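First comes the structure, then the notes that go with it.
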Amino acid sequence: MATQRDVKNRISSVKNIQKITRAMEMVAAARLRRAEQRITALRPYAEAIRRMTRQAADAAGAETARLPLLSEHDSDRTVGLLLITGDRGLAGGFNSQVIRAGTRRAAELEEQGRRIAWFATGRRGVSSLTFRGRELSASYTGFSDRPAYVDARTVADDLMTGYVDGHLDRVEVLYNAYVSPLVQHLARETLLPLSHATVVGDEARDGAEGEAPQRREQGAEEGPRPLVEYEPEPEDLLKRLVPDYVEISIYRALVESTAGFFGAQMTAMRSASDNAGEIITDLTLQMNRARQAEITQEIMEVVAGAEGLTA
């Protein structure tokens, strides 16, 4: 049985851990609020870019085939998978669920005879894929806590260059879409070619894995649509819109992932603090029992000594 001193040391250690987890919970909560503000500001702009690009693509019609990012390749042999994870852990299964989903998706594509080109953001995703023996075409780290638009542009440039040069025939992105601090849904979207992406589809969807399509954008497909005249021509406008759409799609995924990470970390640290409190309660009870046993043992020794003197 552990002594009273041993139990006290364990209680002290658990209390120190509880202080750390509570501090991390408060930091994550503060950063989550800022990330939620960024999402609130970004979502209307991203949806407007999606809607504008879709309408311009519809107006351009067959002319979109001349745009490299809108045209399909003759073959579909190489698929680029972009996994968006965090630079840090201590967030429950936040990072692992993206990595597991990417591994499952790669297995499905490889069964179909396709080759996988891996791209990853965040140290957790990069290290996990490297540990599994996956060769990374490109990796991006150091900005998952606060991604900037220039970071999304760097990732988008590599993906668009690979697609235009023929090294990639399709690009898919997997990330944790933010719903609430307690809920992050795994999302998988086809980014390139845009003819397969939601931007030129009949409905506006997020493509979340395992979820039904989201509601249609208000007024996007309902009732008569106004005749729009484009200046310059729609295909010229698409040359500028399409790269912006790819960049903003990646940037939105990065921002959603950041908010989801802080929500998952806040929840994980809160659970850790609660568990530490329960452990402290159990150890305190164990310490009291150890102290009572020591007192009882001392009383028995005193009684035995007294009986020995009177014998």
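Each chain in the structure tokens gets a letter, A, B, ..., in the order shown, and its residues are numbered from 1; ligands are numbered from 1 in order too.
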Within 7 Å of stretch 11-16 of chain A, counting only C-alpha atoms, which residues show up once you throw out same-chain ones fewer than 2 positions away? Write them as a ChimeraX atom specification, please.
/A:7-9,18-20,276,280,283
I need the residues from that last selection saved to file as a CSV table (one decimal), in the first residue's frame (with N, CA, C and O atoms), if you can.
```csv
chain,number,residue,atom,x,y,z
A,7,VAL,N,1.3,9.3,-1.7
A,7,VAL,CA,0.0,9.8,-2.2
A,7,VAL,C,0.0,11.3,-2.3
A,7,VAL,O,-0.5,11.9,-3.3
A,8,LYS,N,0.6,12.0,-1.3
A,8,LYS,CA,0.7,13.5,-1.4
A,8,LYS,C,1.5,13.9,-2.6
A,8,LYS,O,1.1,14.9,-3.3
A,9,ASN,N,2.6,13.3,-2.9
A,9,ASN,CA,3.4,13.6,-4.1
A,9,ASN,C,2.6,13.4,-5.4
A,9,ASN,O,2.7,14.2,-6.3
A,18,GLN,N,-3.3,19.7,-13.7
A,18,GLN,CA,-4.6,20.4,-13.8
A,18,GLN,C,-4.4,21.9,-14.1
A,18,GLN,O,-5.2,22.5,-14.9
A,19,LYS,N,-3.4,22.5,-13.5
A,19,LYS,CA,-3.2,23.9,-13.7
A,19,LYS,C,-2.8,24.2,-15.2
A,19,LYS,O,-3.3,25.1,-15.8
A,20,ILE,N,-2.0,23.3,-15.7
A,20,ILE,CA,-1.6,23.4,-17.1
A,20,ILE,C,-2.8,23.2,-18.1
A,20,ILE,O,-3.0,24.0,-19.0
A,276,ALA,N,-8.6,15.2,-14.1
A,276,ALA,CA,-7.6,15.5,-13.0
A,276,ALA,C,-8.3,15.7,-11.7
A,276,ALA,O,-7.8,15.3,-10.6
A,280,ILE,N,-7.8,13.6,-8.3
A,280,ILE,CA,-7.4,14.3,-7.0
A,280,ILE,C,-8.3,13.9,-5.9
A,280,ILE,O,-7.9,13.6,-4.8
A,283,LEU,N,-7.4,10.3,-5.0
A,283,LEU,CA,-6.1,10.2,-4.2
A,283,LEU,C,-6.3,10.8,-2.8
A,283,LEU,O,-5.6,10.4,-1.9
```
Residues near A:Gly102, cut-off 12 Å, only C-alpha atoms, skip fewer than 2 positions along chain, as an MDAnalysis selection string
chainID A and resid 79:85 95:100 104:109 116:120 125 128:129 134 172:176 186:189 209
Which is closest to A:Asp158 among A:Arg88, A:Arg31, A:Thr3, A:Glu247, if we use only C-alpha atoms?
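Comparing A:Arg88, A:Arg31, A:Thr3, A:Glu247 against A:Asp158, the winner is A:Glu247.
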For A:Val164, find every residue with an atom within 9 Å (counting only C-alpha atoms), except residues of its own chain fewer than 4 positions away, and show them as a CSV table (one decimal) with C-alpha atoms, in the first residue's frame.
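selection.csv, freshly written:
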```csv
chain,number,residue,atom,x,y,z
A,68,PRO,CA,-6.8,24.8,-68.1
A,69,LEU,CA,-8.3,24.8,-64.6
A,159,LEU,CA,-1.7,22.6,-56.7
A,160,MET,CA,-2.7,24.7,-59.7
A,168,LEU,CA,-2.1,16.1,-61.2
A,169,ASP,CA,-5.3,15.0,-62.8
```
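Candidate residues A:Asp87, A:Tyr251, A:Asp236, A:Ser75 were compared for distance to A:Val155, and the nearest is A:Tyr251, using only C-alpha atoms.
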Length of the atom CA of A:Ala28 to atom CA of A:Ala259 vector [Å]:
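Computing it gives 9.5 Å between the two atoms.
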